[in-house]
Amino acid sequence: MKHPSLFSIFLLSAALTGCGQKQEASQPTALSLPHLEQRGSATQLIVNDQPWLVLGCELGNSTSSSRAYMAPYWDKLKAAGVNTVLAVVSWEQLEPEEGVFDFTVVDDLITDARAHQMKLALLWFGSWKNGFTSYTPTWVKRDTARFPLAMTPEGKKLPILSTFGEETCKADAKAYARLMQHIKDIDATEQTVVMMQMENEVGLHGHTRDYCPAANAAYEKLEGVPDSIINRIPKSIDRIDEAFMAWHYAAYMDKIAAAGKEVYDIPVFVNAWIVQPEDKHPGNYPSGGPQAQNHPIYRAAAPHIDLLSPDIYLNDFPAITRLYTANGNPLFVPESRDGQAGAANAAYAIGQCKAIGYSPFGFESKCDAESNQTFSQLYHKLGSIQQKVLQAQAEDRIVACWLKGSDPYLVKDTVLLGDTRIVAELVSSGMRNGGAPQLTGGTYDPDACGYVIAIQEEDHYLFLGSNARVTFLPAEGEETVGLAKVAEGDFNEAGEWVEGRWLNGDQIQLRYDILYAIDEGFSGQGLNFQHPSPEFISVELFRY
């Protein structure tokens, strides 16, 4: 396999300081296949010529391998508000004998997804899963001469296919292209399959780089790189090794993605095992994966991969999303949490980061649990306003706040929407400024999570909130923002607003320490989302 110039690795490594270019979203084909499209300020997934918001569930890795095992989960996921299922298709199941293909798993998934009016994103588990090699066919596993493994510096073989295996890449690409041809043959019109994931959380475990003979030979060429280039990258052998591995993982996967796109060109994403707080160097996390610091390399070495997506299980969700939306990378979160914390994550990703979608991992096994009621409620609420959300993303009319009682302690957040500053605060109790008990300020439940999504409409704001209270300030000037009309409500199956109670007085008077409120620029009134269950509130504002 011909590898890209190693000179380019170092040139690209220098770009890790933040000089990446904004991604050019792919354009629709003549057949209007699923594709990514830049709509206003958002990159969106287009399916059947309409934008699609992924309210996803990534199945447990083995769930989709058996239709019978998966059968009871379809109705549960539908009831939970899921509209897109992320399901594994493994190389070992697709090509059990070399050159002999079995598409039963794919056919069953597509048939059952259509029966439940859902879309699919298929996860191709070929050469790697979580960095290791476990979903390859037996005929690949047994032939380590033809399909070489990565090695330690001492020459011990790792249970990880080497990126320098030319025959491995060819075999993986052949199987993947056959899969894409089959999907095209049976699904190009229906467009049930809307995205593909290339491999899974790739990267080398244990060491910063591969030490197999082919890798060593390629690495030796670094001696010819000019000092002017070497001097521009961090003085760290770990970072050099990681850049080396990132280039070769990206180039390897790009060949596979290109083979598939030549047959059926739909969006492809890769997912990243992100750097953990306890990690000291590459190899503690998979070295050379699509982590944020490697994005410039992936952009250059893998032009056929559309999205570099983080799997986020760390507590500070907003901080991670900032890393993975830098340099124009559109956000899609294929693996993350469920529960109330997951609901806050999904709301923030979609509302503040204009994400293509969100997907908790293993959700099928617990989607009907009591702990996931508020998550499912959010999915249903978002599903009822999907097109409204997508239009607001494109037109920069949507924002979101993410709130947490601890780790990180973020009980107040302020965002700007139009000419108004929206201040969201986590539901709390306690005393404010020594006066009477107030509904803002005080103590916070360390396990509490809250969120607010705000959409600016023509003459009002639509809010979707949970465990939060919202107040308003002008973006500029000394005027006070007041609440003219406040109404709760919901959306029916036709997407029409059905107004409920008009809220006033006790329902919107958040503060009675009015002199303190005035001194701080507030009216004392606001919106009260006092329960974990998400609710819609529509509000018209005025100034005085």
# chains A, B, ... in the order shown; residues from 1 in each chain; ligands from 1
call {"tool": "residues_around", "arguments": {"residues": "Trp139 (chain A)", "least_positions_apart": "3", "cutoff": "7 Å", "atoms": "only C-alpha atoms", "output": "ChimeraX atom specification"}}
result
/A:97,142-143
call {"tool": "residues_around", "arguments": {"residues": "Cys353 (chain A)", "least_positions_apart": "2", "cutoff": "10 Å", "atoms": "only C-alpha atoms", "output": "compact mmCIF listing (two decimals) with N, CA, C and O atoms, in the first residue's frame"}}
result
# COMPACT_ATOMS: atom_id res chain seq x y z
N ALA A 42 -25.41 26.39 9.48
CA ALA A 42 -25.38 25.02 9.99
C ALA A 42 -25.09 24.03 8.86
O ALA A 42 -25.54 24.21 7.72
N PRO A 318 -20.04 20.57 27.51
CA PRO A 318 -19.78 21.75 26.68
C PRO A 318 -18.31 21.93 26.31
O PRO A 318 -17.99 22.33 25.19
N THR A 321 -17.44 19.56 23.46
CA THR A 321 -18.02 19.99 22.18
C THR A 321 -17.25 21.16 21.58
O THR A 321 -17.14 21.27 20.35
N ARG A 322 -16.72 22.02 22.43
CA ARG A 322 -15.92 23.13 21.89
C ARG A 322 -14.68 22.61 21.18
O ARG A 322 -14.27 23.15 20.14
N THR A 325 -15.81 21.06 17.69
CA THR A 325 -16.44 21.92 16.68
C THR A 325 -15.46 22.98 16.19
O THR A 325 -15.84 23.84 15.40
N PRO A 330 -18.42 19.94 11.79
CA PRO A 330 -19.81 19.83 12.25
C PRO A 330 -19.93 18.78 13.35
O PRO A 330 -19.24 17.75 13.31
N LEU A 331 -20.80 19.02 14.32
CA LEU A 331 -20.91 18.12 15.45
C LEU A 331 -21.96 17.05 15.23
O LEU A 331 -23.10 17.33 14.87
N PHE A 332 -21.55 15.81 15.44
CA PHE A 332 -22.47 14.69 15.59
C PHE A 332 -21.94 13.85 16.74
O PHE A 332 -20.75 13.51 16.77
N ALA A 346 -27.95 16.38 25.02
CA ALA A 346 -28.61 16.41 23.72
C ALA A 346 -29.16 17.80 23.42
O ALA A 346 -29.02 18.31 22.30
N ALA A 347 -29.78 18.42 24.42
CA ALA A 347 -30.35 19.75 24.23
C ALA A 347 -29.26 20.76 23.88
O ALA A 347 -29.43 21.60 22.97
N TYR A 348 -28.14 20.67 24.58
CA TYR A 348 -27.04 21.61 24.33
C TYR A 348 -26.42 21.38 22.95
O TYR A 348 -26.15 22.33 22.20
N ALA A 349 -26.20 20.11 22.60
CA ALA A 349 -25.59 19.80 21.31
C ALA A 349 -26.45 20.33 20.16
O ALA A 349 -25.95 20.98 19.24
N ILE A 350 -27.73 20.06 20.23
CA ILE A 350 -28.63 20.42 19.13
C ILE A 350 -28.93 21.91 19.13
O ILE A 350 -28.98 22.55 18.08
N GLY A 351 -29.14 22.49 20.32
CA GLY A 351 -29.52 23.89 20.39
C GLY A 351 -28.37 24.87 20.29
O GLY A 351 -28.47 25.87 19.59
N ALA A 355 -25.86 20.69 16.30
CA ALA A 355 -25.43 19.34 15.97
C ALA A 355 -26.38 18.68 14.99
O ALA A 355 -27.59 18.94 14.97
N ILE A 356 -25.82 17.77 14.19
CA ILE A 356 -26.62 16.93 13.30
C ILE A 356 -27.48 15.98 14.11
O ILE A 356 -28.57 15.59 13.69
N GLN A 393 -31.63 26.45 13.30
CA GLN A 393 -30.19 26.23 13.21
C GLN A 393 -29.61 26.95 11.99
O GLN A 393 -28.59 27.63 12.08
N ILE A 398 -31.35 29.95 17.24
CA ILE A 398 -31.49 28.97 18.31
C ILE A 398 -30.24 28.99 19.19
O ILE A 398 -29.11 29.12 18.69
N VAL A 399 -30.45 28.88 20.48
CA VAL A 399 -29.35 28.79 21.45
C VAL A 399 -29.78 27.80 22.53
O VAL A 399 -30.95 27.39 22.61
N ALA A 400 -28.83 27.41 23.37
CA ALA A 400 -29.15 26.50 24.47
C ALA A 400 -28.20 26.75 25.63
O ALA A 400 -27.06 27.20 25.45
call {"tool": "residues_around", "arguments": {"residues": "region 105-110 of chain A", "least_positions_apart": "2", "cutoff": "8 Å", "atoms": "only C-alpha atoms", "output": "PDB file with all heavy atoms, in the first residue's frame"}}
result
ATOM      1  N   SER A  64     -27.463  -5.912  17.207  1.00  0.00           N
ATOM      2  CA  SER A  64     -28.000  -6.016  15.848  1.00  0.00           C
ATOM      3  C   SER A  64     -27.564  -7.274  15.121  1.00  0.00           C
ATOM      4  O   SER A  64     -28.007  -7.520  13.992  1.00  0.00           O
ATOM      5  CB  SER A  64     -27.574  -4.790  15.030  1.00  0.00           C
ATOM      6  OG  SER A  64     -26.164  -4.702  14.968  1.00  0.00           O
ATOM      7  N   SER A  65     -26.705  -8.086  15.719  1.00  0.00           N
ATOM      8  CA  SER A  65     -26.230  -9.291  15.032  1.00  0.00           C
ATOM      9  C   SER A  65     -27.292 -10.379  14.969  1.00  0.00           C
ATOM     10  O   SER A  65     -27.162 -11.340  14.206  1.00  0.00           O
ATOM     11  CB  SER A  65     -24.978  -9.839  15.728  1.00  0.00           C
ATOM     12  OG  SER A  65     -25.282 -10.291  17.037  1.00  0.00           O
ATOM     13  N   SER A  66     -28.358 -10.241  15.767  1.00  0.00           N
ATOM     14  CA  SER A  66     -29.446 -11.223  15.784  1.00  0.00           C
ATOM     15  C   SER A  66     -30.777 -10.511  15.651  1.00  0.00           C
ATOM     16  O   SER A  66     -31.149  -9.695  16.499  1.00  0.00           O
ATOM     17  CB  SER A  66     -29.416 -12.024  17.093  1.00  0.00           C
ATOM     18  OG  SER A  66     -30.622 -12.736  17.272  1.00  0.00           O
ATOM     19  N   ARG A  67     -31.520 -10.831  14.597  1.00  0.00           N
ATOM     20  CA  ARG A  67     -32.826 -10.199  14.402  1.00  0.00           C
ATOM     21  C   ARG A  67     -33.779 -10.553  15.539  1.00  0.00           C
ATOM     22  O   ARG A  67     -34.539  -9.696  16.007  1.00  0.00           O
ATOM     23  CB  ARG A  67     -33.422 -10.643  13.063  1.00  0.00           C
ATOM     24  CG  ARG A  67     -34.683  -9.880  12.698  1.00  0.00           C
ATOM     25  CD  ARG A  67     -35.277 -10.354  11.395  1.00  0.00           C
ATOM     26  NE  ARG A  67     -36.233  -9.419  10.843  1.00  0.00           N
ATOM     27  CZ  ARG A  67     -36.933  -9.623   9.738  1.00  0.00           C
ATOM     28  NH1 ARG A  67     -36.754 -10.753   9.042  1.00  0.00           N
ATOM     29  NH2 ARG A  67     -37.795  -8.720   9.314  1.00  0.00           N
ATOM     30  N   VAL A  89     -22.799  -3.402  11.661  1.00  0.00           N
ATOM     31  CA  VAL A  89     -22.668  -4.449  10.648  1.00  0.00           C
ATOM     32  C   VAL A  89     -21.197  -4.840  10.652  1.00  0.00           C
ATOM     33  O   VAL A  89     -20.327  -4.016  10.361  1.00  0.00           O
ATOM     34  CB  VAL A  89     -23.090  -3.968   9.254  1.00  0.00           C
ATOM     35  CG1 VAL A  89     -22.780  -5.034   8.207  1.00  0.00           C
ATOM     36  CG2 VAL A  89     -24.570  -3.612   9.229  1.00  0.00           C
ATOM     37  N   GLN A  93     -19.464 -11.068  10.052  1.00  0.00           N
ATOM     38  CA  GLN A  93     -20.785 -11.591   9.737  1.00  0.00           C
ATOM     39  C   GLN A  93     -21.126 -11.393   8.265  1.00  0.00           C
ATOM     40  O   GLN A  93     -21.863 -12.187   7.672  1.00  0.00           O
ATOM     41  CB  GLN A  93     -21.832 -10.908  10.624  1.00  0.00           C
ATOM     42  CG  GLN A  93     -23.097 -11.720  10.828  1.00  0.00           C
ATOM     43  CD  GLN A  93     -23.900 -11.255  12.030  1.00  0.00           C
ATOM     44  OE1 GLN A  93     -23.596 -10.249  12.653  1.00  0.00           O
ATOM     45  NE2 GLN A  93     -24.937 -11.994  12.368  1.00  0.00           N
ATOM     46  N   LEU A  94     -20.566 -10.347   7.672  1.00  0.00           N
ATOM     47  CA  LEU A  94     -20.868 -10.037   6.269  1.00  0.00           C
ATOM     48  C   LEU A  94     -20.121 -10.955   5.307  1.00  0.00           C
ATOM     49  O   LEU A  94     -20.656 -11.351   4.272  1.00  0.00           O
ATOM     50  CB  LEU A  94     -20.488  -8.581   5.979  1.00  0.00           C
ATOM     51  CG  LEU A  94     -20.906  -8.043   4.614  1.00  0.00           C
ATOM     52  CD1 LEU A  94     -22.364  -7.623   4.633  1.00  0.00           C
ATOM     53  CD2 LEU A  94     -20.029  -6.852   4.223  1.00  0.00           C
ATOM     54  N   ASP A 102     -22.802 -12.476   2.918  1.00  0.00           N
ATOM     55  CA  ASP A 102     -24.132 -12.742   3.466  1.00  0.00           C
ATOM     56  C   ASP A 102     -24.692 -11.415   3.982  1.00  0.00           C
ATOM     57  O   ASP A 102     -24.194 -10.846   4.949  1.00  0.00           O
ATOM     58  CB  ASP A 102     -24.022 -13.753   4.606  1.00  0.00           C
ATOM     59  CG  ASP A 102     -25.376 -14.133   5.193  1.00  0.00           C
ATOM     60  OD1 ASP A 102     -26.384 -13.489   4.836  1.00  0.00           O
ATOM     61  OD2 ASP A 102     -25.424 -15.055   6.025  1.00  0.00           O
ATOM     62  N   PHE A 103     -25.743 -10.906   3.322  1.00  0.00           N
ATOM     63  CA  PHE A 103     -26.315  -9.608   3.669  1.00  0.00           C
ATOM     64  C   PHE A 103     -27.584  -9.726   4.516  1.00  0.00           C
ATOM     65  O   PHE A 103     -28.349  -8.761   4.615  1.00  0.00           O
ATOM     66  CB  PHE A 103     -26.614  -8.817   2.390  1.00  0.00           C
ATOM     67  CG  PHE A 103     -25.389  -8.513   1.574  1.00  0.00           C
ATOM     68  CD1 PHE A 103     -25.129  -9.213   0.396  1.00  0.00           C
ATOM     69  CD2 PHE A 103     -24.489  -7.547   1.982  1.00  0.00           C
ATOM     70  CE1 PHE A 103     -24.002  -8.938  -0.357  1.00  0.00           C
ATOM     71  CE2 PHE A 103     -23.352  -7.268   1.240  1.00  0.00           C
ATOM     72  CZ  PHE A 103     -23.105  -7.961   0.071  1.00  0.00           C
ATOM     73  N   ASP A 112     -36.796  -3.924   9.188  1.00  0.00           N
ATOM     74  CA  ASP A 112     -37.409  -3.622  10.478  1.00  0.00           C
ATOM     75  C   ASP A 112     -37.396  -2.125  10.777  1.00  0.00           C
ATOM     76  O   ASP A 112     -38.322  -1.606  11.397  1.00  0.00           O
ATOM     77  CB  ASP A 112     -36.693  -4.395  11.583  1.00  0.00           C
ATOM     78  CG  ASP A 112     -36.898  -5.902  11.462  1.00  0.00           C
ATOM     79  OD1 ASP A 112     -37.857  -6.311  10.793  1.00  0.00           O
ATOM     80  OD2 ASP A 112     -36.089  -6.661  12.023  1.00  0.00           O
ATOM     81  N   ALA A 113     -36.374  -1.429  10.341  1.00  0.00           N
ATOM     82  CA  ALA A 113     -36.344   0.023  10.522  1.00  0.00           C
ATOM     83  C   ALA A 113     -37.478   0.678   9.728  1.00  0.00           C
ATOM     84  O   ALA A 113     -38.175   1.571  10.234  1.00  0.00           O
ATOM     85  CB  ALA A 113     -34.998   0.586  10.093  1.00  0.00           C
ATOM     86  N   ARG A 114     -37.676   0.233   8.500  1.00  0.00           N
ATOM     87  CA  ARG A 114     -38.766   0.795   7.688  1.00  0.00           C
ATOM     88  C   ARG A 114     -40.126   0.521   8.333  1.00  0.00           C
ATOM     89  O   ARG A 114     -41.003   1.396   8.341  1.00  0.00           O
ATOM     90  CB  ARG A 114     -38.739   0.187   6.293  1.00  0.00           C
ATOM     91  CG  ARG A 114     -37.614   0.665   5.415  1.00  0.00           C
ATOM     92  CD  ARG A 114     -37.638  -0.056   4.079  1.00  0.00           C
ATOM     93  NE  ARG A 114     -36.519   0.313   3.227  1.00  0.00           N
ATOM     94  CZ  ARG A 114     -36.210  -0.305   2.101  1.00  0.00           C
ATOM     95  NH1 ARG A 114     -36.947  -1.332   1.683  1.00  0.00           N
ATOM     96  NH2 ARG A 114     -35.175   0.093   1.378  1.00  0.00           N
ATOM     97  N   LEU A 120     -31.517   4.548   9.665  1.00  0.00           N
ATOM     98  CA  LEU A 120     -30.377   3.797  10.171  1.00  0.00           C
ATOM     99  C   LEU A 120     -29.071   4.526   9.855  1.00  0.00           C
ATOM    100  O   LEU A 120     -28.914   5.095   8.775  1.00  0.00           O
ATOM    101  CB  LEU A 120     -30.303   2.412   9.522  1.00  0.00           C
ATOM    102  CG  LEU A 120     -31.352   1.379   9.887  1.00  0.00           C
ATOM    103  CD1 LEU A 120     -31.255   0.190   8.932  1.00  0.00           C
ATOM    104  CD2 LEU A 120     -31.167   0.910  11.331  1.00  0.00           C
ATOM    105  N   THR A 192     -33.364   4.566   3.804  1.00  0.00           N
ATOM    106  CA  THR A 192     -33.437   4.168   5.208  1.00  0.00           C
ATOM    107  C   THR A 192     -32.078   4.340   5.872  1.00  0.00           C
ATOM    108  O   THR A 192     -31.989   4.811   7.011  1.00  0.00           O
ATOM    109  CB  THR A 192     -33.878   2.699   5.319  1.00  0.00           C
ATOM    110  OG1 THR A 192     -35.038   2.492   4.509  1.00  0.00           O
ATOM    111  CG2 THR A 192     -34.193   2.322   6.760  1.00  0.00           C
ATOM    112  N   VAL A 193     -31.012   3.960   5.164  1.00  0.00           N
ATOM    113  CA  VAL A 193     -29.645   4.133   5.660  1.00  0.00           C
ATOM    114  C   VAL A 193     -29.175   5.523   5.265  1.00  0.00           C
ATOM    115  O   VAL A 193     -29.076   5.846   4.083  1.00  0.00           O
ATOM    116  CB  VAL A 193     -28.697   3.068   5.076  1.00  0.00           C
ATOM    117  CG1 VAL A 193     -27.274   3.282   5.579  1.00  0.00           C
ATOM    118  CG2 VAL A 193     -29.180   1.670   5.428  1.00  0.00           C
TER     119      VAL A 193
END
call {"tool": "closest_residue", "arguments": {"among": "A:Arg421, A:Lys141, A:Arg543, A:Arg178", "to": "Thr480 (chain A)", "atoms": "only C-alpha atoms"}}
result
A:Arg543
call {"tool": "closest_atom_pairs", "arguments": {"of": "region 253-340 of chain A", "to": "region 148-169 of chain A", "cutoff": "12 Å", "atoms": "only C-alpha atoms", "output": "CSV"}}
result
residue,atom,partner,partner_atom,distance
A:Met253,CA,A:Cys169,CA,8.1
A:Asp254,CA,A:Cys169,CA,10.0
A:Lys255,CA,A:Cys169,CA,7.6
A:Ile256,CA,A:Cys169,CA,7.2
A:Ala257,CA,A:Cys169,CA,10.9
A:Ala258,CA,A:Cys169,CA,11.9
A:Ala259,CA,A:Cys169,CA,10.8
A:Gly283,CA,A:Thr152,CA,11.4
A:Pro286,CA,A:Ile160,CA,11.1
A:Gly288,CA,A:Thr163,CA,10.6
A:Gly289,CA,A:Thr163,CA,11.9
call {"tool": "write_last_selection", "arguments": {"atoms": "N, CA and C atoms", "output": "PDB file, in the first residue's frame"}}
result
ATOM      1  N   MET A 253      -8.254   4.376   6.470  1.00  0.00           N
ATOM      2  CA  MET A 253      -9.721   4.441   6.460  1.00  0.00           C
ATOM      3  C   MET A 253     -10.252   5.206   5.261  1.00  0.00           C
ATOM      4  N   ASP A 254      -9.484   6.174   4.784  1.00  0.00           N
ATOM      5  CA  ASP A 254      -9.934   6.925   3.619  1.00  0.00           C
ATOM      6  C   ASP A 254     -10.023   6.037   2.392  1.00  0.00           C
ATOM      7  N   LYS A 255      -9.103   5.091   2.254  1.00  0.00           N
ATOM      8  CA  LYS A 255      -9.167   4.166   1.121  1.00  0.00           C
ATOM      9  C   LYS A 255     -10.443   3.325   1.174  1.00  0.00           C
ATOM     10  N   ILE A 256     -10.820   2.913   2.362  1.00  0.00           N
ATOM     11  CA  ILE A 256     -12.041   2.118   2.510  1.00  0.00           C
ATOM     12  C   ILE A 256     -13.264   2.982   2.233  1.00  0.00           C
ATOM     13  N   ALA A 257     -13.293   4.185   2.826  1.00  0.00           N
ATOM     14  CA  ALA A 257     -14.420   5.086   2.598  1.00  0.00           C
ATOM     15  C   ALA A 257     -14.560   5.442   1.128  1.00  0.00           C
ATOM     16  N   ALA A 258     -13.431   5.669   0.466  1.00  0.00           N
ATOM     17  CA  ALA A 258     -13.464   6.020  -0.961  1.00  0.00           C
ATOM     18  C   ALA A 258     -14.028   4.881  -1.797  1.00  0.00           C
ATOM     19  N   ALA A 259     -13.664   3.658  -1.455  1.00  0.00           N
ATOM     20  CA  ALA A 259     -14.195   2.507  -2.194  1.00  0.00           C
ATOM     21  C   ALA A 259     -15.709   2.434  -2.050  1.00  0.00           C
ATOM     22  N   GLY A 283      -1.458   6.316  23.515  1.00  0.00           N
ATOM     23  CA  GLY A 283      -1.277   4.919  23.891  1.00  0.00           C
ATOM     24  C   GLY A 283      -2.075   4.608  25.136  1.00  0.00           C
ATOM     25  N   PRO A 286      -6.246   5.599  22.494  1.00  0.00           N
ATOM     26  CA  PRO A 286      -5.760   5.050  21.219  1.00  0.00           C
ATOM     27  C   PRO A 286      -4.969   6.078  20.406  1.00  0.00           C
ATOM     28  N   GLY A 288      -3.321   8.040  17.582  1.00  0.00           N
ATOM     29  CA  GLY A 288      -3.558   8.210  16.150  1.00  0.00           C
ATOM     30  C   GLY A 288      -5.013   8.203  15.754  1.00  0.00           C
ATOM     31  N   GLY A 289      -5.919   8.192  16.741  1.00  0.00           N
ATOM     32  CA  GLY A 289      -7.337   8.258  16.435  1.00  0.00           C
ATOM     33  C   GLY A 289      -7.768   9.669  16.064  1.00  0.00           C
TER      34      GLY A 289
END
call {"tool": "closest_residue", "arguments": {"among": "A:Asn315, A:Lys221, A:Ala251, A:Phe472", "to": "Ala517 (chain A)", "atoms": "only C-alpha atoms"}}
result
A:Phe472
call {"tool": "atom_distance", "arguments": {"atom1": "CA of Glu220 (chain A)", "atom2": "CA of Trp128 (chain A)"}}
result
25.6 Å
call {"tool": "residues_around", "arguments": {"residues": "region 455-468 of chain A", "least_positions_apart": "3", "cutoff": "10 Å", "atoms": "only C-alpha atoms", "output": "JSON, numbers by chain"}}
result
{"A": [340, 343, 344, 347, 351, 374, 378, 381, 382, 388, 389, 391, 392, 393, 395, 396, 397, 398, 399, 400, 401, 402, 403, 404, 411, 412, 417, 418, 423, 424, 425, 426, 427, 428, 440, 448, 449, 450, 451, 452, 484, 485, 486, 487, 488, 527, 528, 529, 530, 531, 532, 533, 534, 535, 536, 537, 538, 539, 540, 541]}
call {"tool": "select_by_dssp", "arguments": {"residues": "region 179-317 of chain A", "states": "strand (DSSP E)", "output": "list in words"}}
result
Val193, Val194, Met195, Met196, Gln197, Met198, Val268, Phe269, Val270, Asn271, Ala272, Trp273, Leu307, Leu308, Ser309, Pro310 and Asp311 of chain A
call {"tool": "write_last_selection", "arguments": {"atoms": "C-alpha atoms", "output": "PDB file, in the first residue's frame"}}
result
ATOM      1  CA  VAL A 193     -29.645   4.133   5.660  1.00  0.00           C
ATOM      2  CA  VAL A 194     -28.594   7.763   5.996  1.00  0.00           C
ATOM      3  CA  MET A 195     -24.980   7.589   7.255  1.00  0.00           C
ATOM      4  CA  MET A 196     -22.101   5.171   7.681  1.00  0.00           C
ATOM      5  CA  GLN A 197     -19.527   4.962  10.449  1.00  0.00           C
ATOM      6  CA  MET A 198     -16.035   3.922   9.335  1.00  0.00           C
ATOM      7  CA  VAL A 268     -19.300   8.844   6.434  1.00  0.00           C
ATOM      8  CA  PHE A 269     -18.167   9.632   9.966  1.00  0.00           C
ATOM      9  CA  VAL A 270     -15.509   8.318  12.298  1.00  0.00           C
ATOM     10  CA  ASN A 271     -15.842   8.321  16.083  1.00  0.00           C
ATOM     11  CA  ALA A 272     -13.146   9.232  18.577  1.00  0.00           C
ATOM     12  CA  TRP A 273     -12.178   7.675  21.892  1.00  0.00           C
ATOM     13  CA  LEU A 307     -17.427  14.019  10.112  1.00  0.00           C
ATOM     14  CA  LEU A 308     -14.984  13.589  13.005  1.00  0.00           C
ATOM     15  CA  SER A 309     -17.278  12.712  15.880  1.00  0.00           C
ATOM     16  CA  PRO A 310     -16.558  12.475  19.624  1.00  0.00           C
ATOM     17  CA  ASP A 311     -17.867   9.767  21.941  1.00  0.00           C
TER      18      ASP A 311
END
call {"tool": "atom_distance", "arguments": {"atom1": "CA of Gly40 (chain A)", "atom2": "CA of Asn492 (chain A)"}}
result
27.7 Å
call {"tool": "select_by_dssp", "arguments": {"residues": "region 176-404 of chain A", "states": "helix (DSSP H, G or I)", "output": "PyMOL selection string"}}
result
chain A and resi 176-187+213-224+227-230+237-263+292-301+317-324+326-328+339-351+363-365+370-384+386-394
call {"tool": "closest_residue", "arguments": {"among": "A:Gly362, A:Pro408, A:Pro282, A:Pro137", "to": "His205 (chain A)", "atoms": "only C-alpha atoms"}}
result
A:Pro282
call {"tool": "closest_residue", "arguments": {"among": "A:Leu122, A:Ala217, A:Met245, A:Val47", "to": "Leu204 (chain A)", "atoms": "only C-alpha atoms"}}
result
A:Met245
call {"tool": "residues_around", "arguments": {"residues": "Gly495 (chain A)", "least_positions_apart": "4", "cutoff": "7 Å", "atoms": "only C-alpha atoms", "output": "list in words"}}
result
Ser384, Ile385 and Phe491 of chain A
call {"tool": "residues_around", "arguments": {"residues": "Asp265 (chain A)", "least_positions_apart": "3", "cutoff": "10 Å", "atoms": "only C-alpha atoms", "output": "ChimeraX atom specification"}}
result
/A:26,28-29,33-35,180,184,195,257-262,268,304
call {"tool": "atom_distance", "arguments": {"atom1": "CA of Ala171 (chain A)", "atom2": "CA of Trp91 (chain A)"}}
result
10.0 Å
call {"tool": "residues_around", "arguments": {"residues": "Gly526 (chain A)", "least_positions_apart": "4", "cutoff": "7 Å", "atoms": "only C-alpha atoms", "output": "CSV table (one decimal) with C-alpha atoms, in the first residue's frame"}}
result
chain,number,residue,atom,x,y,z
A,469,ARG,CA,-35.4,29.3,35.5
A,470,VAL,CA,-34.9,31.9,32.8
A,471,THR,CA,-34.6,35.6,33.1
A,508,ILE,CA,-43.6,34.0,36.5
A,509,GLN,CA,-42.6,36.1,39.6
A,510,LEU,CA,-39.2,34.5,40.3
call {"tool": "closest_residue", "arguments": {"among": "A:Pro303, A:Arg146, A:Gly489, A:Glu479", "to": "Trp502 (chain A)", "atoms": "only C-alpha atoms"}}
result
A:Gly489
